[in-house]
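*Asks:* Input structure: run.cif, which contains mmCIF, C-alpha atoms.
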data_upload
#
loop_
_atom_site.label_atom_id
_atom_site.label_comp_id
_atom_site.auth_asym_id
_atom_site.auth_seq_id
_atom_site.Cartn_x
_atom_site.Cartn_y
_atom_site.Cartn_z
CA MET A 6 201.25 112.77 184.72
CA SER A 7 200.10 115.75 186.80
CA PRO A 8 198.35 115.09 190.13
CA PRO A 9 194.58 115.57 189.97
CA PRO A 10 193.24 119.00 190.96
CA ILE A 11 192.22 119.24 194.61
CA VAL A 12 189.76 121.94 195.61
CA HIS A 13 190.19 123.28 199.13
CA HIS A 14 189.14 126.43 200.99
CA PRO A 15 190.33 127.55 204.45
CA ALA A 16 186.69 128.28 205.32
CA TYR A 17 185.85 124.55 205.19
CA ALA A 18 186.72 124.40 208.91
CA ALA A 19 184.34 126.75 210.75
CA PRO A 20 184.37 127.15 214.54
CA LEU A 21 181.69 125.29 216.47
CA PRO A 22 180.79 125.27 220.18
CA ALA A 23 183.10 123.15 222.33
CA GLY A 24 182.07 119.51 222.42
CA HIS A 25 179.89 119.69 219.30
CA ARG A 26 179.45 116.21 217.80
CA PHE A 27 180.16 117.20 214.19
CA PRO A 28 183.90 116.64 213.54
CA MET A 29 184.54 120.01 211.88
CA GLY A 30 188.27 119.71 212.55
CA LYS A 31 188.60 116.90 210.03
CA PHE A 32 188.75 119.31 207.09
CA ALA A 33 191.85 121.11 208.33
CA ALA A 34 193.34 117.79 209.45
CA LEU A 35 192.76 116.28 206.02
CA ALA A 36 194.36 119.24 204.20
CA ALA A 37 197.41 119.07 206.50
CA LEU A 38 197.75 115.33 205.93
CA LEU A 39 197.47 115.68 202.15
CA ARG A 40 200.17 118.35 202.18
CA ALA A 41 202.42 116.18 204.35
CA ARG A 42 202.03 113.27 201.93
CA GLY A 43 202.77 115.42 198.87
CA LEU A 44 199.26 115.03 197.47
CA LEU A 45 198.20 118.68 197.92
CA LEU A 46 200.71 120.95 196.21
CA GLU A 47 200.70 124.50 194.92
CA ARG A 48 200.31 123.25 191.36
CA ASN A 49 197.17 121.19 191.98
CA LEU A 50 195.52 123.26 194.74
CA VAL A 51 192.43 125.20 193.65
CA GLU A 52 190.68 127.58 196.05
CA PRO A 53 187.05 127.88 194.97
CA GLU A 54 184.78 130.88 194.88
CA PRO A 55 181.94 130.47 197.40
CA ALA A 56 178.68 129.64 195.64
CA GLU A 57 176.55 132.64 194.71
CA PRO A 58 172.99 132.99 196.05
CA ASP A 59 171.47 132.49 192.59
CA ALA A 60 173.34 129.19 192.20
CA LEU A 61 172.20 127.99 195.63
CA ALA A 62 168.62 128.99 194.78
CA LEU A 63 168.56 126.52 191.89
CA ALA A 64 168.44 123.75 194.50
CA HIS A 65 166.96 125.54 197.54
CA ASP A 66 164.12 127.87 198.38
CA ARG A 67 165.27 131.46 198.20
CA ALA A 68 164.02 132.04 201.77
CA TRP A 69 166.37 129.34 203.11
CA VAL A 70 169.33 130.69 201.16
CA GLU A 71 168.73 134.22 202.43
CA ALA A 72 168.26 133.08 206.04
CA VAL A 73 171.54 131.15 206.00
CA LEU A 74 173.56 133.89 204.32
CA ALA A 75 172.25 136.42 206.85
CA ALA A 76 172.96 133.91 209.69
CA ARG A 77 169.35 134.33 210.84
CA VAL A 78 168.10 130.76 210.94
CA ASP A 79 165.35 130.12 213.47
CA PRO A 80 166.08 127.71 216.36
CA ALA A 81 163.76 124.97 215.08
CA ALA A 82 165.55 124.93 211.70
CA GLU A 83 168.92 124.86 213.48
CA ARG A 84 167.80 121.84 215.50
CA ARG A 85 166.84 119.99 212.30
CA LEU A 86 170.17 120.97 210.80
CA GLY A 87 172.22 120.02 213.85
CA LEU A 88 174.49 123.06 213.50
CA PRO A 89 174.36 126.65 214.76
CA VAL A 90 174.31 128.89 211.69
CA SER A 91 176.94 131.54 212.38
CA PRO A 92 178.48 133.72 209.65
CA ALA A 93 181.44 131.30 209.58
CA VAL A 94 179.15 128.27 209.13
CA ALA A 95 177.26 130.13 206.38
CA LEU A 96 180.52 130.89 204.59
CA ARG A 97 181.60 127.29 204.99
CA ALA A 98 178.38 126.07 203.36
CA ARG A 99 178.84 128.48 200.44
CA ALA A 100 182.51 127.51 200.07
CA ALA A 101 181.78 123.77 200.11
CA SER A 102 179.09 124.16 197.43
CA GLY A 103 181.40 126.33 195.37
CA GLY A 104 184.09 123.71 195.87
CA THR A 105 181.98 120.89 194.49
CA LEU A 106 181.01 123.04 191.51
CA ALA A 107 184.68 123.89 190.92
CA ALA A 108 185.66 120.21 191.18
CA ALA A 109 182.95 119.31 188.66
CA ARG A 110 184.20 121.90 186.18
CA LEU A 111 187.79 120.75 186.67
CA ALA A 112 186.77 117.13 186.17
CA LEU A 113 185.21 118.01 182.82
CA GLU A 114 188.56 119.49 181.84
CA HIS A 115 190.97 117.00 183.41
CA GLY A 116 188.90 113.83 183.78
CA LEU A 117 189.24 113.70 187.57
CA ALA A 118 189.10 116.27 190.37
CA LEU A 119 188.45 116.19 194.11
CA ASN A 120 186.86 118.48 196.66
CA SER A 121 188.23 118.18 200.21
CA ALA A 122 184.70 118.83 201.51
CA GLY A 123 181.21 118.35 200.08
CA GLY A 124 178.68 115.57 200.06
CA SER A 125 175.98 117.43 202.03
CA HIS A 126 173.32 115.11 200.70
CA HIS A 127 170.68 115.52 203.44
CA ALA A 128 169.92 119.20 202.76
CA GLN A 129 166.42 119.57 201.32
CA ARG A 130 164.98 122.26 199.08
CA SER A 131 163.29 123.95 202.05
CA GLY A 132 166.12 123.70 204.58
CA GLY A 133 169.08 121.88 206.06
CA ALA A 134 169.26 118.55 207.88
CA GLY A 135 171.83 116.14 209.25
CA PHE A 136 174.71 118.68 209.42
CA CYS A 137 174.02 119.60 205.75
CA VAL A 138 173.26 123.28 205.09
CA PHE A 139 173.23 123.38 201.28
CA ASN A 140 173.12 120.33 199.02
CA ASP A 141 176.32 120.87 197.04
CA LEU A 142 175.67 117.82 194.83
CA ALA A 143 172.30 119.17 193.70
CA VAL A 144 173.64 122.72 193.36
CA ALA A 145 176.53 121.62 191.14
CA SER A 146 174.25 119.41 189.03
CA LEU A 147 171.69 122.13 188.39
CA VAL A 148 174.29 124.82 187.69
CA LEU A 149 176.08 122.66 185.11
CA LEU A 150 172.80 121.75 183.43
CA ALA A 151 171.72 125.40 183.35
CA GLU A 152 175.05 126.37 181.81
CA GLY A 153 174.76 123.65 179.17
CA ARG A 154 178.10 122.11 180.19
CA VAL A 155 176.52 118.66 180.52
CA ARG A 156 173.41 116.90 179.28
CA ARG A 157 173.25 114.13 181.88
CA LEU A 158 174.81 113.52 185.28
CA LEU A 159 175.10 110.60 187.68
CA ILE A 160 175.31 111.17 191.42
CA LEU A 161 176.88 108.03 192.90
CA ASP A 162 176.39 108.28 196.65
CA LEU A 163 178.32 105.69 198.68
CA ASP A 164 177.96 107.44 202.03
CA VAL A 165 176.51 105.08 204.66
CA HIS A 166 173.38 107.26 204.97
CA GLN A 167 170.81 107.52 202.19
CA GLY A 168 171.10 110.60 199.97
CA ASP A 169 167.54 111.68 200.76
CA GLY A 170 168.04 115.37 200.06
CA SER A 171 169.59 114.78 196.65
CA ALA A 172 166.79 112.36 195.77
CA ALA A 173 164.09 114.83 196.82
CA ILE A 174 165.56 117.93 195.16
CA LEU A 175 166.25 116.12 191.88
CA GLU A 176 163.21 113.83 191.74
CA ASP A 177 161.71 115.79 188.84
CA GLU A 178 165.00 116.28 186.99
CA PRO A 179 165.30 113.38 184.52
CA ARG A 180 168.77 114.46 183.40
CA VAL A 181 170.24 113.51 186.78
CA THR A 182 170.42 109.88 187.91
CA THR A 183 170.68 109.55 191.69
CA VAL A 184 172.08 106.31 193.12
CA SER A 185 172.43 105.67 196.85
CA VAL A 186 174.14 102.62 198.39
CA HIS A 187 173.56 102.84 202.14
CA CYS A 188 172.79 100.98 205.35
CA ARG A 189 169.07 100.20 205.51
CA CYS A 190 168.92 100.58 209.32
CA ASN A 191 170.34 104.06 209.65
CA TRP A 192 169.38 107.73 209.58
CA PRO A 193 167.28 109.18 208.01
CA ALA A 194 164.37 107.12 209.24
CA ARG A 195 162.26 108.34 206.33
CA LYS A 196 164.05 107.57 203.08
CA ARG A 197 163.31 109.30 199.76
CA GLN A 198 163.17 107.49 196.44
CA SER A 199 166.38 107.83 194.45
CA SER A 200 166.65 106.70 190.84
CA LEU A 201 168.22 103.60 192.40
CA ASP A 202 168.50 102.72 196.10
CA LEU A 203 170.53 99.77 197.34
CA ALA A 204 169.99 99.27 201.06
CA LEU A 205 172.52 97.04 202.81
CA ASP A 206 172.10 95.12 206.05
CA PRO A 207 174.04 96.26 209.12
CA GLY A 208 177.41 94.57 209.36
CA THR A 209 177.91 94.24 205.59
CA GLY A 210 181.66 93.93 205.08
CA ASP A 211 184.24 94.25 202.34
CA ARG A 212 183.51 91.14 200.29
CA ALA A 213 179.74 91.55 199.89
CA TYR A 214 180.00 95.31 199.43
CA LEU A 215 182.68 95.14 196.76
CA GLU A 216 180.98 92.31 194.88
CA LEU A 217 177.79 94.37 194.74
CA LEU A 218 179.65 97.45 193.52
CA ALA A 219 181.66 95.58 190.89
CA GLY A 220 178.44 94.13 189.49
CA LEU A 221 176.66 97.47 189.58
CA LEU A 222 179.03 99.97 188.01
CA PRO A 223 179.51 98.92 184.36
CA GLY A 224 175.79 98.57 183.66
CA LEU A 225 174.93 101.69 185.64
CA LEU A 226 177.37 103.81 183.64
CA ARG A 227 176.13 102.32 180.38
CA ARG A 228 172.45 102.88 181.16
CA SER A 229 172.72 106.37 182.64
CA ALA A 230 175.27 107.51 179.99
CA PRO A 231 176.43 110.49 182.08
CA ASP A 232 178.68 113.29 180.89
CA LEU A 233 179.91 113.57 184.49
CA VAL A 234 179.81 111.50 187.68
CA LEU A 235 179.60 113.21 191.06
CA TYR A 236 181.01 110.65 193.51
CA ASP A 237 180.21 110.96 197.22
CA ALA A 238 182.97 108.91 198.85
CA GLY A 239 181.77 109.04 202.45
CA VAL A 240 183.97 106.98 204.78
CA ASP A 241 181.20 106.29 207.29
CA PRO A 242 180.67 102.73 205.95
CA HIS A 243 183.91 101.97 207.87
CA ALA A 244 183.61 99.42 210.67
CA ARG A 245 184.88 101.92 213.27
CA ASP A 246 182.68 104.85 212.26
CA ARG A 247 180.50 105.87 215.18
CA LEU A 248 177.46 106.66 212.98
CA GLY A 249 177.91 103.92 210.38
CA ARG A 250 176.77 100.33 211.12
CA LEU A 251 178.48 98.80 208.08
CA ALA A 252 181.83 97.02 208.38
CA LEU A 253 184.26 98.11 205.66
CA SER A 254 187.98 98.13 206.41
CA ASP A 255 190.58 100.65 205.23
CA ARG A 256 191.44 98.23 202.46
CA GLY A 257 187.75 97.89 201.58
CA LEU A 258 187.38 101.67 201.28
CA ALA A 259 190.44 101.83 199.04
CA GLU A 260 189.14 99.07 196.79
CA ARG A 261 185.70 100.74 196.70
CA ASP A 262 187.24 104.02 195.53
CA ARG A 263 189.43 102.22 193.01
CA LEU A 264 186.45 100.36 191.56
CA VAL A 265 184.51 103.61 191.11
CA LEU A 266 187.35 105.62 189.61
CA GLU A 267 188.52 102.82 187.32
CA ALA A 268 184.97 102.15 186.10
CA CYS A 269 184.52 105.82 185.25
CA ARG A 270 187.93 105.88 183.59
CA ALA A 271 187.17 102.77 181.52
CA ALA A 272 183.94 104.41 180.35
CA ALA A 273 185.82 107.67 179.65
CA VAL A 274 183.44 109.55 181.98
CA PRO A 275 184.86 112.44 184.04
CA VAL A 276 184.39 112.12 187.80
CA ALA A 277 184.34 114.76 190.52
CA CYS A 278 184.77 113.44 194.06
CA VAL A 279 183.54 114.79 197.39
CA ILE A 280 184.48 113.37 200.77
CA GLY A 281 181.04 112.93 202.33
CA GLY A 282 180.48 111.70 205.87
CA GLY A 283 182.90 110.32 208.42
CA TYR A 284 182.52 110.46 212.20
CA GLU A 285 185.36 109.65 214.55
CA GLU A 286 186.65 111.38 217.68
CA ASP A 287 190.25 110.74 216.61
CA LEU A 288 190.61 113.39 213.91
CA ARG A 289 193.94 112.02 212.72
CA ALA A 290 192.42 108.59 212.14
CA LEU A 291 189.44 110.18 210.40
CA ALA A 292 191.67 112.31 208.16
CA GLU A 293 193.66 109.20 207.22
CA ARG A 294 190.41 107.46 206.27
CA HIS A 295 189.35 110.35 204.03
CA ALA A 296 192.86 110.52 202.53
CA ILE A 297 192.41 107.03 201.08
CA LEU A 298 190.36 108.53 198.23
CA PHE A 299 193.10 111.03 197.40
CA GLU A 300 195.78 108.32 197.43
CA VAL A 301 193.76 106.17 195.04
CA ALA A 302 193.07 109.16 192.77
CA ALA A 303 196.74 110.15 192.71
CA ASP A 304 197.75 106.60 191.78
CA LEU A 305 195.17 106.47 189.00
CA SER A 306 196.19 109.87 187.62
CA ARG A 307 199.67 108.51 186.86
CA ARG A 308 198.17 106.42 184.05
CA PRO A 309 197.28 107.81 180.60
CA ARG A 310 193.73 109.10 180.37
CA PRO A 311 191.43 107.27 177.91
CA ARG A 312 189.75 109.39 175.28
CA ARG A 313 185.99 109.76 175.08
CA PRO A 314 184.45 108.21 171.98
CA ALA A 315 183.90 110.61 169.08
CA GLY A 316 180.67 112.56 169.36
CA SER A 317 180.31 112.06 173.13
CA CYS A 318 181.94 115.20 174.47
CA PRO A 319 180.17 116.76 177.48
CA GLY A 320 177.64 119.34 176.44
CA SER A 321 177.76 118.32 172.79
#
Kindly transcribe the structure held in the file into structure tokens.

*Replies:*
Amino acid sequence: MSPPPIVHHPAYAAPLPAGHRFPMGKFAALAALLRARGLLLERNLVEPEPAEPDALALAHDRAWVEAVLAARVDPAAERRLGLPVSPAVALRARAASGGTLAAARLALEHGLALNSAGGSHHAQRSGGAGFCVFNDLAVASLVLLAEGRVRRLLILDLDVHQGDGSAAILEDEPRVTTVSVHCRCNWPARKRQSSLDLALDPGTGDRAYLELLAGLLPGLLRRSAPDLVLYDAGVDPHARDRLGRLALSDRGLAERDRLVLEACRAAAVPVACVIGGGYEEDLRALAERHAILFEVAADLSRRPRPRRPAGSCPGS
């Protein structure tokens, strides 16, 4: 079986001021690691087109889109965002959103695809927040719905922080189910109502987390009946993540990803993955943590792909 498509763009790693707390170097480190492990090859590498302004404006106010693309974001908005909006950062935000959209389209074709960035789930309609410029999950969802490629989507957000931006942007879009499993005592202080929120206590470890997820997924997929799952596989629930407060191990992250991908596969639902959050000063260790998802996906892709039941093709 062919390896799953991996979407990557050189612009994912944009220069930031020295000492900035966002680990921008992880994107280049992850791509290098995937190449070294034989997971990112010429035949499965897809370089996306950066998202167009009209696509971004489906999820965001036009004024915010124009300010970012012109790299003219006012200082107060930059403080809320946590990033200086340079032309390189603006291109990175467009590329990451285009990457998630490309991964979603590839997943509809192949059953599984991954973006080596994405998961900017804090960006709101009116502006960015929490290192998230544009909400690529909302952008991809709304573009696919507008194109008629899907009728229903599920955003499964397993980043340690609540997907408040996705919940807010999509609160009046009944065709998208938003699910967030996160640490209850973590940023953002003000949560937004997702379709389903599961807030975990600090220190929750592998056993409790995986039992919850195993009990959740089959019924969730049955009830939401999505034509596509967008999976935010943030690694910040890891015990060593400096912004996390949960206690998953490497093995726990791998089993989490396997549970999600196998549940989607058993339901014959395509899944597009994004890497979400992960915060660690040791970029090699952080890249290895993010690479767990790609290892699990590559292993799963070696098995025959189940067929969707008759009459349930996306967009039908």

*Asks:* Evaluate the PyMOL selection byres ((chain A and resi 20-24) around 10) against this structure - the residues, as a ChimeraX atom specification, please.

*Replies:* /A:16-19,25-30,88-91,93-94,97

*Asks:* Nearest to Val148 in chain A among A:Asp59, A:Asp262, A:Asp237, A:Glu52, with distances taken over all atoms listed in the file: which residue is it?

*Replies:*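 Checking each candidate against Val148 in chain A, we get A:Asp59 as the closest.
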
*Asks:* Which residue out of A:Asp206, A:Glu286, A:Asp232, A:Asp141 has the minimum interatomic distance to Arg156 in chain A when all atoms listed in the file are used?

*Replies:*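 Among the listed residues, A:Asp232 lies closest to Arg156 in chain A.
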
*Asks:* Using all atoms listed in the file for the distances, tell me which of A:Ala277, A:Leu159, A:Val138, A:Leu221 is nearest to Ser199 in chain A.

*Replies:* A:Leu159

*Asks:* Counting only C-alpha atoms, which of A:Ser121, A:Val12, A:Val301, A:Ala98 gets nearest to Lys31 in chain A?

*Replies:*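 Between A:Ser121, A:Val12, A:Val301, A:Ala98, the residue approaching Lys31 in chain A most closely is A:Ser121.
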
*Asks:* Expand the PyMOL selection byres ((chain A and resi 308) around 12) into the individual residues it matches in the shown file, reporting them as a ChimeraX atom specification.

*Replies:* /A:6-9,116,267,270-271,301-307,309-311

*Asks:* List the residues selected by the PyMOL selection byres ((chain A and resi 183) around 6) in the file shown, writing them as a list of chain:residue names.

*Replies:*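 With the shown file as input, the PyMOL selection byres ((chain A and resi 183) around 6) matches A:Ile160, A:Thr182, A:Val184, A:Ser199, A:Ser200.
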
*Asks:* Export, as a CSV table (one decimal), keeping the file's coordinate frame, the selected residues with C-alpha atoms.

*Replies:*
chain,number,residue,atom,x,y,z
A,160,ILE,CA,175.3,111.2,191.4
A,182,THR,CA,170.4,109.9,187.9
A,184,VAL,CA,172.1,106.3,193.1
A,199,SER,CA,166.4,107.8,194.4
A,200,SER,CA,166.6,106.7,190.8

*Asks:* Work out how far apart CA of His14 in chain A and CA of Arg256 in chain A are and give it in Å to one decimal.

*Replies:*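 According to the coordinates, CA of His14 in chain A and CA of Arg256 in chain A are separated by 28.3 Å.
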
*Asks:* Hey, which of A:Ala100, A:Ala273, A:Ala173, A:Ala68 ends up closest to Glu54 in chain A? Count all atoms listed in the file.

*Replies:* A:Ala100

*Asks:* Every residue with an atom at most 10 Å from (186.9, 121.0, 188.5) (file coordinates; all atoms listed in the file) is what I'm after, so could you write them as a list in words?

*Replies:*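 The residues that fall inside the cut-off are Pro9, Pro10, Ile11, Val12, Val51, Pro53, Gly104, Thr105, Leu106, Ala107, Ala108, Ala109, Arg110, Leu111, Ala112, Leu113, Glu114, His115, Gly116, Leu117, Ala118, Leu119, Asn120, Pro275, Val276, Ala277 and Cys278 of chain A.
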
*Asks:* Take the selection from the previous step and output its residues with C-alpha atoms, as an mmCIF file, in the frame of the given file.

*Replies:*
data_model
loop_
_atom_site.group_PDB
_atom_site.id
_atom_site.type_symbol
_atom_site.label_atom_id
_atom_site.label_comp_id
_atom_site.auth_asym_id
_atom_site.auth_seq_id
_atom_site.Cartn_x
_atom_site.Cartn_y
_atom_site.Cartn_z
ATOM 1 C CA PRO A 9 194.580 115.570 189.970
ATOM 2 C CA PRO A 10 193.240 119.000 190.960
ATOM 3 C CA ILE A 11 192.220 119.240 194.610
ATOM 4 C CA VAL A 12 189.760 121.940 195.610
ATOM 5 C CA VAL A 51 192.430 125.200 193.650
ATOM 6 C CA PRO A 53 187.050 127.880 194.970
ATOM 7 C CA GLY A 104 184.090 123.710 195.870
ATOM 8 C CA THR A 105 181.980 120.890 194.490
ATOM 9 C CA LEU A 106 181.010 123.040 191.510
ATOM 10 C CA ALA A 107 184.680 123.890 190.920
ATOM 11 C CA ALA A 108 185.660 120.210 191.180
ATOM 12 C CA ALA A 109 182.950 119.310 188.660
ATOM 13 C CA ARG A 110 184.200 121.900 186.180
ATOM 14 C CA LEU A 111 187.790 120.750 186.670
ATOM 15 C CA ALA A 112 186.770 117.130 186.170
ATOM 16 C CA LEU A 113 185.210 118.010 182.820
ATOM 17 C CA GLU A 114 188.560 119.490 181.840
ATOM 18 C CA HIS A 115 190.970 117.000 183.410
ATOM 19 C CA GLY A 116 188.900 113.830 183.780
ATOM 20 C CA LEU A 117 189.240 113.700 187.570
ATOM 21 C CA ALA A 118 189.100 116.270 190.370
ATOM 22 C CA LEU A 119 188.450 116.190 194.110
ATOM 23 C CA ASN A 120 186.860 118.480 196.660
ATOM 24 C CA PRO A 275 184.860 112.440 184.040
ATOM 25 C CA VAL A 276 184.390 112.120 187.800
ATOM 26 C CA ALA A 277 184.340 114.760 190.520
ATOM 27 C CA CYS A 278 184.770 113.440 194.060
#

*Asks:* Give the answer as one residue: which of A:Asp169, A:Arg99, A:Leu288, A:Glu83 has the shortest atom-to-atom distance to Ala194 in chain A, using all atoms listed in the file?

*Replies:*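 Between A:Asp169, A:Arg99, A:Leu288, A:Glu83, the residue approaching Ala194 in chain A most closely is A:Asp169.
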
*Asks:* Padding 4 Å on each side, edges along x, y and z: where is the centre of the box around the listed atoms of range 286-299 of chain A, and how long are its edges in Å to one decimal? Output it as lines of an AutoDock Vina configuration file.

*Replies:*
center_x = 190.3
center_y = 110.2
center_z = 207.5
size_x = 15.3
size_y = 14.4
size_z = 28.3

*Asks:* State, in Å with one decimal place, the distance from CA of Ala75 in chain A to CA of Ala95 in chain A.

*Replies:*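 According to the coordinates, CA of Ala75 in chain A and CA of Ala95 in chain A are separated by 8.1 Å.
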
*Asks:* Can you list, as a ChimeraX atom specification, every protein, DNA or RNA residue that comes within 8 Å of Ala143 in chain A when you count all atoms listed in the file, leaving out same-chain residues fewer than 4 positions away?

*Replies:* /A:64,147,171,174-175
